[in-house]
Amino acid sequence: MQKFSTSPKTIIVSLWLNRGLLRGLIHREIIGRYKGSFLGILWSFFNPLLMLAVYTFFFSVVFRARWAGGSGSKAEFALVLFSGLLVFNFFSECINRAPSLVLSNVNYVKKVIFPLELLPVVAMGGAGFHLFISFLVWLGFYVIVFGIPHAGVLLLPVVLLPLALLTLGFSWCLAALGVYLRDVSQVVVTLVPMLMFLSPIFYPISILPAELQSVVRLSPVTIAVEQAREVMYWGTSINWLHWGGYLTVASVIAWLGFAWFQKTRKGFADVI
């Protein structure tokens, strides 16, 4: 039976050797999602706009939520809220799809030469495209309301690097588990919305009691959400100590998830 390497180097080598295939699959992933719809890829613009409008109405008008230290304006609330949402949506899109990635690509499982480890990366590429579109929507709104944003906004890709690694690790793990345990998809779909409200998306973490702050900080997206807001809206720099710790943990989880995927993939064909 074929053995698959679990070395972290294998990830980098596979991404490099299959970069052409990866680009093609990501392009197909993005185009295929909107194929046959009347507005096509324009939905990628309308969805974040609608989501921003609905959440802003309910939390800033109905519940009268405000951000500590801010002006209290609805425009500010919308921008701070959306900066957290676009980060969480990137994470949730990847995680929600992860358990079914292998099951929905059975034709690739039978092909020994196909690099199955790329499937979570392809899904992340599609989520990254939607993240970019959402960022453009945020940026356009910011420019209209406040003008040119802080230069710190250029640090957003750096902020998102640990989250991307963490998400890949979880995705590899869930993709493998989803083959053997079909209930994983149902568990994930239930837990992800709960995680959204257990993360500082709709509220600043500073308003919570100390004991609850500790719980919220356990969320895998909390650091990314807070630091994205810092560089995108508040104009402050990255907390490099927190970022470095986050990157270290994310790298370990990415490797563990990849190792689990590689160890279990030899049985995919038999189960499917």
# chains A, B, ... in the order shown; residues from 1 in each chain; ligands from 1

call {"tool": "residues_around", "arguments": {"residues": "range 163-178 of chain A", "least_positions_apart": "6", "cutoff": "10 Å", "atoms": "only C-alpha atoms", "output": "PDB file with C-alpha atoms, in the first residue's frame"}}
result
ATOM      1  CA  VAL A  87     -12.342  37.493   8.676  1.00  0.00           C
ATOM      2  CA  PHE A  88     -14.807  35.094  10.294  1.00  0.00           C
ATOM      3  CA  PHE A  90     -13.294  33.354   5.436  1.00  0.00           C
ATOM      4  CA  PHE A  91     -12.766  30.861   8.259  1.00  0.00           C
ATOM      5  CA  SER A  92     -16.349  29.585   8.323  1.00  0.00           C
ATOM      6  CA  GLU A  93     -16.577  29.089   4.548  1.00  0.00           C
ATOM      7  CA  CYS A  94     -13.524  26.832   4.607  1.00  0.00           C
ATOM      8  CA  ILE A  95     -14.542  24.907   7.726  1.00  0.00           C
ATOM      9  CA  ASN A  96     -18.148  24.350   6.615  1.00  0.00           C
ATOM     10  CA  ARG A  97     -16.989  22.833   3.338  1.00  0.00           C
ATOM     11  CA  ALA A  98     -14.088  20.812   4.719  1.00  0.00           C
ATOM     12  CA  PRO A  99     -15.945  17.616   5.784  1.00  0.00           C
ATOM     13  CA  SER A 100     -17.366  17.084   2.288  1.00  0.00           C
ATOM     14  CA  LEU A 101     -14.293  17.995   0.235  1.00  0.00           C
ATOM     15  CA  VAL A 102     -13.154  14.424  -0.407  1.00  0.00           C
ATOM     16  CA  LEU A 103     -16.682  12.998  -0.623  1.00  0.00           C
ATOM     17  CA  LEU A 116      -5.792  15.146  -2.784  1.00  0.00           C
ATOM     18  CA  GLU A 117      -4.054  17.353  -0.235  1.00  0.00           C
ATOM     19  CA  LEU A 118      -4.770  20.304  -2.534  1.00  0.00           C
ATOM     20  CA  LEU A 119      -8.549  20.108  -2.056  1.00  0.00           C
ATOM     21  CA  PRO A 120      -8.598  22.203   1.164  1.00  0.00           C
ATOM     22  CA  VAL A 121      -6.223  24.687  -0.481  1.00  0.00           C
ATOM     23  CA  ALA A 123     -11.522  25.650  -1.097  1.00  0.00           C
ATOM     24  CA  MET A 124      -9.429  28.253   0.715  1.00  0.00           C
ATOM     25  CA  GLY A 128      -9.908  33.996  -0.236  1.00  0.00           C
ATOM     26  CA  PRO A 157      -2.412  39.865   4.647  1.00  0.00           C
ATOM     27  CA  VAL A 184     -18.988  15.442  10.951  1.00  0.00           C
ATOM     28  CA  SER A 185     -20.677  17.784   8.479  1.00  0.00           C
ATOM     29  CA  VAL A 188     -19.577  21.470  11.981  1.00  0.00           C
ATOM     30  CA  PRO A 220      -9.502  30.268  16.931  1.00  0.00           C
ATOM     31  CA  VAL A 221     -10.487  33.504  15.173  1.00  0.00           C
ATOM     32  CA  THR A 222     -10.383  35.969  18.084  1.00  0.00           C
ATOM     33  CA  ILE A 223      -6.809  37.181  17.569  1.00  0.00           C
ATOM     34  CA  ALA A 224      -7.269  37.485  13.809  1.00  0.00           C
ATOM     35  CA  VAL A 225     -10.527  39.429  14.217  1.00  0.00           C
ATOM     36  CA  TYR A 246      -0.703  32.719  17.042  1.00  0.00           C
ATOM     37  CA  LEU A 247       1.517  31.888  14.059  1.00  0.00           C
ATOM     38  CA  THR A 248       3.397  29.254  16.030  1.00  0.00           C
ATOM     39  CA  VAL A 249       0.241  27.510  17.224  1.00  0.00           C
ATOM     40  CA  ALA A 250      -1.320  27.775  13.749  1.00  0.00           C
ATOM     41  CA  SER A 251       1.763  26.243  12.106  1.00  0.00           C
ATOM     42  CA  VAL A 252       1.688  23.279  14.479  1.00  0.00           C
ATOM     43  CA  ILE A 253      -2.040  22.731  13.876  1.00  0.00           C
ATOM     44  CA  ALA A 254      -1.531  23.000  10.111  1.00  0.00           C
ATOM     45  CA  TRP A 255       1.147  20.321  10.225  1.00  0.00           C
ATOM     46  CA  LEU A 256      -0.892  18.049  12.521  1.00  0.00           C
ATOM     47  CA  GLY A 257      -3.935  18.394  10.265  1.00  0.00           C
ATOM     48  CA  PHE A 258      -1.856  17.613   7.183  1.00  0.00           C
ATOM     49  CA  ALA A 259      -0.203  14.638   8.894  1.00  0.00           C
ATOM     50  CA  TRP A 260      -3.621  13.246   9.869  1.00  0.00           C
ATOM     51  CA  PHE A 261      -4.866  13.673   6.302  1.00  0.00           C
ATOM     52  CA  GLN A 262      -1.813  11.898   4.882  1.00  0.00           C
ATOM     53  CA  LYS A 263      -2.034   9.056   7.402  1.00  0.00           C
ATOM     54  CA  THR A 264      -5.713   8.382   6.721  1.00  0.00           C
ATOM     55  CA  ARG A 265      -5.951   9.014   2.975  1.00  0.00           C
ATOM     56  CA  GLY A 267      -8.220   4.242   3.190  1.00  0.00           C
ATOM     57  CA  PHE A 268     -10.349   6.816   1.347  1.00  0.00           C
TER      58      PHE A 268
END

call {"tool": "residues_around", "arguments": {"residues": "range 134-143 of chain A", "least_positions_apart": "4", "cutoff": "10 Å", "atoms": "only C-alpha atoms", "output": "PyMOL selection string"}}
result
chain A and resi 44-49+52+75-76+78-80+82-83+85-87+89-90+128-130+147-149+153+156+232-233

call {"tool": "write_last_selection", "arguments": {"atoms": "N, CA and C atoms", "output": "PDB file, in the first residue's frame"}}
result
ATOM      1  N   SER A  44     -20.990  37.972  -5.708  1.00  0.00           N
ATOM      2  CA  SER A  44     -19.928  38.054  -4.705  1.00  0.00           C
ATOM      3  C   SER A  44     -19.818  39.462  -4.128  1.00  0.00           C
ATOM      4  N   PHE A  45     -20.336  40.481  -4.864  1.00  0.00           N
ATOM      5  CA  PHE A  45     -20.395  41.843  -4.344  1.00  0.00           C
ATOM      6  C   PHE A  45     -21.673  42.079  -3.554  1.00  0.00           C
ATOM      7  N   PHE A  46     -22.788  41.572  -4.076  1.00  0.00           N
ATOM      8  CA  PHE A  46     -24.081  41.837  -3.444  1.00  0.00           C
ATOM      9  C   PHE A  46     -24.229  41.141  -2.091  1.00  0.00           C
ATOM     10  N   ASN A  47     -23.691  39.930  -1.979  1.00  0.00           N
ATOM     11  CA  ASN A  47     -23.821  39.188  -0.718  1.00  0.00           C
ATOM     12  C   ASN A  47     -23.207  39.923   0.471  1.00  0.00           C
ATOM     13  N   PRO A  48     -21.952  40.374   0.386  1.00  0.00           N
ATOM     14  CA  PRO A  48     -21.405  41.116   1.542  1.00  0.00           C
ATOM     15  C   PRO A  48     -22.116  42.436   1.807  1.00  0.00           C
ATOM     16  N   LEU A  49     -22.593  43.092   0.757  1.00  0.00           N
ATOM     17  CA  LEU A  49     -23.327  44.347   0.952  1.00  0.00           C
ATOM     18  C   LEU A  49     -24.623  44.103   1.723  1.00  0.00           C
ATOM     19  N   LEU A  52     -23.833  43.146   5.346  1.00  0.00           N
ATOM     20  CA  LEU A  52     -23.428  44.326   6.097  1.00  0.00           C
ATOM     21  C   LEU A  52     -24.636  45.162   6.499  1.00  0.00           C
ATOM     22  N   ALA A  75     -22.016  54.453  10.714  1.00  0.00           N
ATOM     23  CA  ALA A  75     -20.988  54.143   9.723  1.00  0.00           C
ATOM     24  C   ALA A  75     -19.791  53.471  10.385  1.00  0.00           C
ATOM     25  N   GLU A  76     -19.393  53.987  11.526  1.00  0.00           N
ATOM     26  CA  GLU A  76     -18.272  53.384  12.248  1.00  0.00           C
ATOM     27  C   GLU A  76     -18.628  51.970  12.678  1.00  0.00           C
ATOM     28  N   ALA A  78     -20.712  49.927  11.356  1.00  0.00           N
ATOM     29  CA  ALA A  78     -20.755  49.047  10.191  1.00  0.00           C
ATOM     30  C   ALA A  78     -19.360  48.633   9.757  1.00  0.00           C
ATOM     31  N   LEU A  79     -18.414  49.569   9.727  1.00  0.00           N
ATOM     32  CA  LEU A  79     -17.063  49.276   9.273  1.00  0.00           C
ATOM     33  C   LEU A  79     -16.313  48.366  10.244  1.00  0.00           C
ATOM     34  N   VAL A  80     -16.466  48.628  11.543  1.00  0.00           N
ATOM     35  CA  VAL A  80     -15.786  47.789  12.539  1.00  0.00           C
ATOM     36  C   VAL A  80     -16.390  46.395  12.556  1.00  0.00           C
ATOM     37  N   PHE A  82     -17.982  44.875  10.069  1.00  0.00           N
ATOM     38  CA  PHE A  82     -17.714  44.162   8.828  1.00  0.00           C
ATOM     39  C   PHE A  82     -16.261  43.700   8.737  1.00  0.00           C
ATOM     40  N   SER A  83     -15.338  44.455   9.354  1.00  0.00           N
ATOM     41  CA  SER A  83     -13.948  44.029   9.346  1.00  0.00           C
ATOM     42  C   SER A  83     -13.791  42.704  10.089  1.00  0.00           C
ATOM     43  N   LEU A  85     -16.381  40.509  10.475  1.00  0.00           N
ATOM     44  CA  LEU A  85     -17.177  39.521   9.743  1.00  0.00           C
ATOM     45  C   LEU A  85     -16.423  38.938   8.553  1.00  0.00           C
ATOM     46  N   LEU A  86     -15.703  39.772   7.827  1.00  0.00           N
ATOM     47  CA  LEU A  86     -15.029  39.247   6.640  1.00  0.00           C
ATOM     48  C   LEU A  86     -13.937  38.253   7.022  1.00  0.00           C
ATOM     49  N   VAL A  87     -13.325  38.462   8.188  1.00  0.00           N
ATOM     50  CA  VAL A  87     -12.342  37.493   8.676  1.00  0.00           C
ATOM     51  C   VAL A  87     -13.025  36.193   9.079  1.00  0.00           C
ATOM     52  N   ASN A  89     -15.968  35.049   8.147  1.00  0.00           N
ATOM     53  CA  ASN A  89     -16.590  34.382   7.003  1.00  0.00           C
ATOM     54  C   ASN A  89     -15.581  33.586   6.187  1.00  0.00           C
ATOM     55  N   PHE A  90     -14.365  34.094   6.108  1.00  0.00           N
ATOM     56  CA  PHE A  90     -13.294  33.354   5.436  1.00  0.00           C
ATOM     57  C   PHE A  90     -13.066  32.017   6.145  1.00  0.00           C
ATOM     58  N   GLY A 128     -10.781  32.828  -0.173  1.00  0.00           N
ATOM     59  CA  GLY A 128      -9.908  33.996  -0.236  1.00  0.00           C
ATOM     60  C   GLY A 128     -10.388  35.009  -1.268  1.00  0.00           C
ATOM     61  N   PHE A 129     -10.936  34.524  -2.365  1.00  0.00           N
ATOM     62  CA  PHE A 129     -11.497  35.430  -3.376  1.00  0.00           C
ATOM     63  C   PHE A 129     -12.667  36.219  -2.797  1.00  0.00           C
ATOM     64  N   HIS A 130     -13.543  35.534  -2.080  1.00  0.00           N
ATOM     65  CA  HIS A 130     -14.688  36.220  -1.477  1.00  0.00           C
ATOM     66  C   HIS A 130     -14.238  37.175  -0.366  1.00  0.00           C
ATOM     67  N   GLY A 147     -12.634  58.787   3.817  1.00  0.00           N
ATOM     68  CA  GLY A 147     -11.501  59.148   2.967  1.00  0.00           C
ATOM     69  C   GLY A 147     -10.476  58.034   2.910  1.00  0.00           C
ATOM     70  N   ILE A 148      -9.227  58.397   2.650  1.00  0.00           N
ATOM     71  CA  ILE A 148      -8.157  57.408   2.501  1.00  0.00           C
ATOM     72  C   ILE A 148      -7.918  56.697   3.833  1.00  0.00           C
ATOM     73  N   PRO A 149      -7.867  55.355   3.825  1.00  0.00           N
ATOM     74  CA  PRO A 149      -7.670  54.610   5.080  1.00  0.00           C
ATOM     75  C   PRO A 149      -6.241  54.691   5.595  1.00  0.00           C
ATOM     76  N   VAL A 153      -3.648  49.300   6.882  1.00  0.00           N
ATOM     77  CA  VAL A 153      -4.524  48.350   6.205  1.00  0.00           C
ATOM     78  C   VAL A 153      -3.716  47.415   5.303  1.00  0.00           C
ATOM     79  N   LEU A 156      -2.977  43.767   6.474  1.00  0.00           N
ATOM     80  CA  LEU A 156      -4.030  42.754   6.604  1.00  0.00           C
ATOM     81  C   LEU A 156      -3.575  41.367   6.148  1.00  0.00           C
ATOM     82  N   MET A 232      -7.160  47.689  10.117  1.00  0.00           N
ATOM     83  CA  MET A 232      -8.084  48.177   9.098  1.00  0.00           C
ATOM     84  C   MET A 232      -8.785  49.467   9.502  1.00  0.00           C
ATOM     85  N   TYR A 233      -9.252  49.529  10.745  1.00  0.00           N
ATOM     86  CA  TYR A 233     -10.055  50.693  11.131  1.00  0.00           C
ATOM     87  C   TYR A 233      -9.356  51.609  12.134  1.00  0.00           C
TER      88      TYR A 233
END

call {"tool": "residues_around", "arguments": {"residues": "His27 in chain A", "least_positions_apart": "4", "cutoff": "12 Å", "atoms": "only C-alpha atoms", "output": "list in words"}}
result
Gly20, Leu21, Leu22, Arg23, Ile31, Gly32, Arg33, Tyr34, Ile41, Val122, Ala123, Met124, Gly125, Gly126, Ala127, Gly128 and Phe129 of chain A

call {"tool": "atom_distance", "arguments": {"atom1": "CA of Val215 in chain A", "atom2": "CA of Val54 in chain A"}}
result
27.3 Å

call {"tool": "closest_residue", "arguments": {"among": "A:Met194, A:Leu181, A:Leu155, A:Ile207", "to": "Asn239 in chain A", "atoms": "only C-alpha atoms"}}
result
A:Leu155

call {"tool": "select_by_dssp", "arguments": {"residues": "range 52-257 of chain A", "states": "helix (DSSP H, G or I)", "output": "PyMOL selection string"}}
result
chain A and resi 52-62+74-100+103-109+116-146+151-180+184-197+205-207+210-216+222-234+240-257

call {"tool": "decode", "arguments": {"residues": "range 124-149 of chain A", "atoms": "N, CA and C atoms", "output": "mmCIF file, in the first residue's frame"}}
result
data_model
loop_
_atom_site.group_PDB
_atom_site.id
_atom_site.type_symbol
_atom_site.label_atom_id
_atom_site.label_comp_id
_atom_site.auth_asym_id
_atom_site.auth_seq_id
_atom_site.Cartn_x
_atom_site.Cartn_y
_atom_site.Cartn_z
ATOM 1 N N MET A 124 -9.905 27.015 0.109
ATOM 2 C CA MET A 124 -9.429 28.253 0.715
ATOM 3 C C MET A 124 -9.200 29.328 -0.342
ATOM 4 N N GLY A 125 -8.779 28.927 -1.532
ATOM 5 C CA GLY A 125 -8.609 29.890 -2.611
ATOM 6 C C GLY A 125 -9.923 30.560 -2.979
ATOM 7 N N GLY A 126 -11.005 29.768 -3.025
ATOM 8 C CA GLY A 126 -12.327 30.336 -3.292
ATOM 9 C C GLY A 126 -12.769 31.261 -2.178
ATOM 10 N N ALA A 127 -12.525 30.841 -0.921
ATOM 11 C CA ALA A 127 -12.883 31.688 0.226
ATOM 12 C C ALA A 127 -12.039 32.953 0.238
ATOM 13 N N GLY A 128 -10.781 32.828 -0.173
ATOM 14 C CA GLY A 128 -9.908 33.996 -0.236
ATOM 15 C C GLY A 128 -10.388 35.009 -1.268
ATOM 16 N N PHE A 129 -10.936 34.524 -2.365
ATOM 17 C CA PHE A 129 -11.497 35.430 -3.376
ATOM 18 C C PHE A 129 -12.667 36.219 -2.797
ATOM 19 N N HIS A 130 -13.543 35.534 -2.080
ATOM 20 C CA HIS A 130 -14.688 36.220 -1.477
ATOM 21 C C HIS A 130 -14.238 37.175 -0.366
ATOM 22 N N LEU A 131 -13.186 36.807 0.341
ATOM 23 C CA LEU A 131 -12.610 37.712 1.335
ATOM 24 C C LEU A 131 -12.107 38.985 0.663
ATOM 25 N N PHE A 132 -11.448 38.827 -0.467
ATOM 26 C CA PHE A 132 -10.922 39.986 -1.198
ATOM 27 C C PHE A 132 -12.046 40.901 -1.679
ATOM 28 N N ILE A 133 -13.110 40.293 -2.208
ATOM 29 C CA ILE A 133 -14.255 41.089 -2.662
ATOM 30 C C ILE A 133 -14.898 41.823 -1.499
ATOM 31 N N SER A 134 -15.051 41.141 -0.368
ATOM 32 C CA SER A 134 -15.617 41.775 0.823
ATOM 33 C C SER A 134 -14.733 42.922 1.302
ATOM 34 N N PHE A 135 -13.428 42.726 1.207
ATOM 35 C CA PHE A 135 -12.500 43.788 1.587
ATOM 36 C C PHE A 135 -12.660 45.007 0.674
ATOM 37 N N LEU A 136 -12.849 44.772 -0.612
ATOM 38 C CA LEU A 136 -13.062 45.886 -1.544
ATOM 39 C C LEU A 136 -14.341 46.644 -1.201
ATOM 40 N N VAL A 137 -15.389 45.903 -0.813
ATOM 41 C CA VAL A 137 -16.637 46.541 -0.388
ATOM 42 C C VAL A 137 -16.375 47.393 0.857
ATOM 43 N N TRP A 138 -15.656 46.829 1.829
ATOM 44 C CA TRP A 138 -15.313 47.573 3.049
ATOM 45 C C TRP A 138 -14.500 48.818 2.719
ATOM 46 N N LEU A 139 -13.498 48.634 1.862
ATOM 47 C CA LEU A 139 -12.611 49.737 1.509
ATOM 48 C C LEU A 139 -13.370 50.859 0.800
ATOM 49 N N GLY A 140 -14.269 50.476 -0.128
ATOM 50 C CA GLY A 140 -15.064 51.482 -0.825
ATOM 51 C C GLY A 140 -15.940 52.270 0.127
ATOM 52 N N PHE A 141 -16.559 51.568 1.088
ATOM 53 C CA PHE A 141 -17.406 52.236 2.077
ATOM 54 C C PHE A 141 -16.578 53.176 2.953
ATOM 55 N N TYR A 142 -15.377 52.725 3.346
ATOM 56 C CA TYR A 142 -14.504 53.543 4.190
ATOM 57 C C TYR A 142 -14.098 54.825 3.457
ATOM 58 N N VAL A 143 -13.707 54.678 2.188
ATOM 59 C CA VAL A 143 -13.271 55.842 1.399
ATOM 60 C C VAL A 143 -14.408 56.845 1.256
ATOM 61 N N ILE A 144 -15.624 56.355 1.022
ATOM 62 C CA ILE A 144 -16.778 57.247 0.856
ATOM 63 C C ILE A 144 -17.063 58.011 2.148
ATOM 64 N N VAL A 145 -16.955 57.340 3.290
ATOM 65 C CA VAL A 145 -17.328 57.945 4.574
ATOM 66 C C VAL A 145 -16.189 58.759 5.185
ATOM 67 N N PHE A 146 -14.976 58.189 5.195
ATOM 68 C CA PHE A 146 -13.874 58.814 5.925
ATOM 69 C C PHE A 146 -12.710 59.270 5.045
ATOM 70 N N GLY A 147 -12.634 58.787 3.817
ATOM 71 C CA GLY A 147 -11.501 59.148 2.967
ATOM 72 C C GLY A 147 -10.476 58.034 2.910
ATOM 73 N N ILE A 148 -9.227 58.397 2.650
ATOM 74 C CA ILE A 148 -8.157 57.408 2.501
ATOM 75 C C ILE A 148 -7.918 56.697 3.833
ATOM 76 N N PRO A 149 -7.867 55.355 3.825
ATOM 77 C CA PRO A 149 -7.670 54.610 5.080
ATOM 78 C C PRO A 149 -6.241 54.691 5.595
#
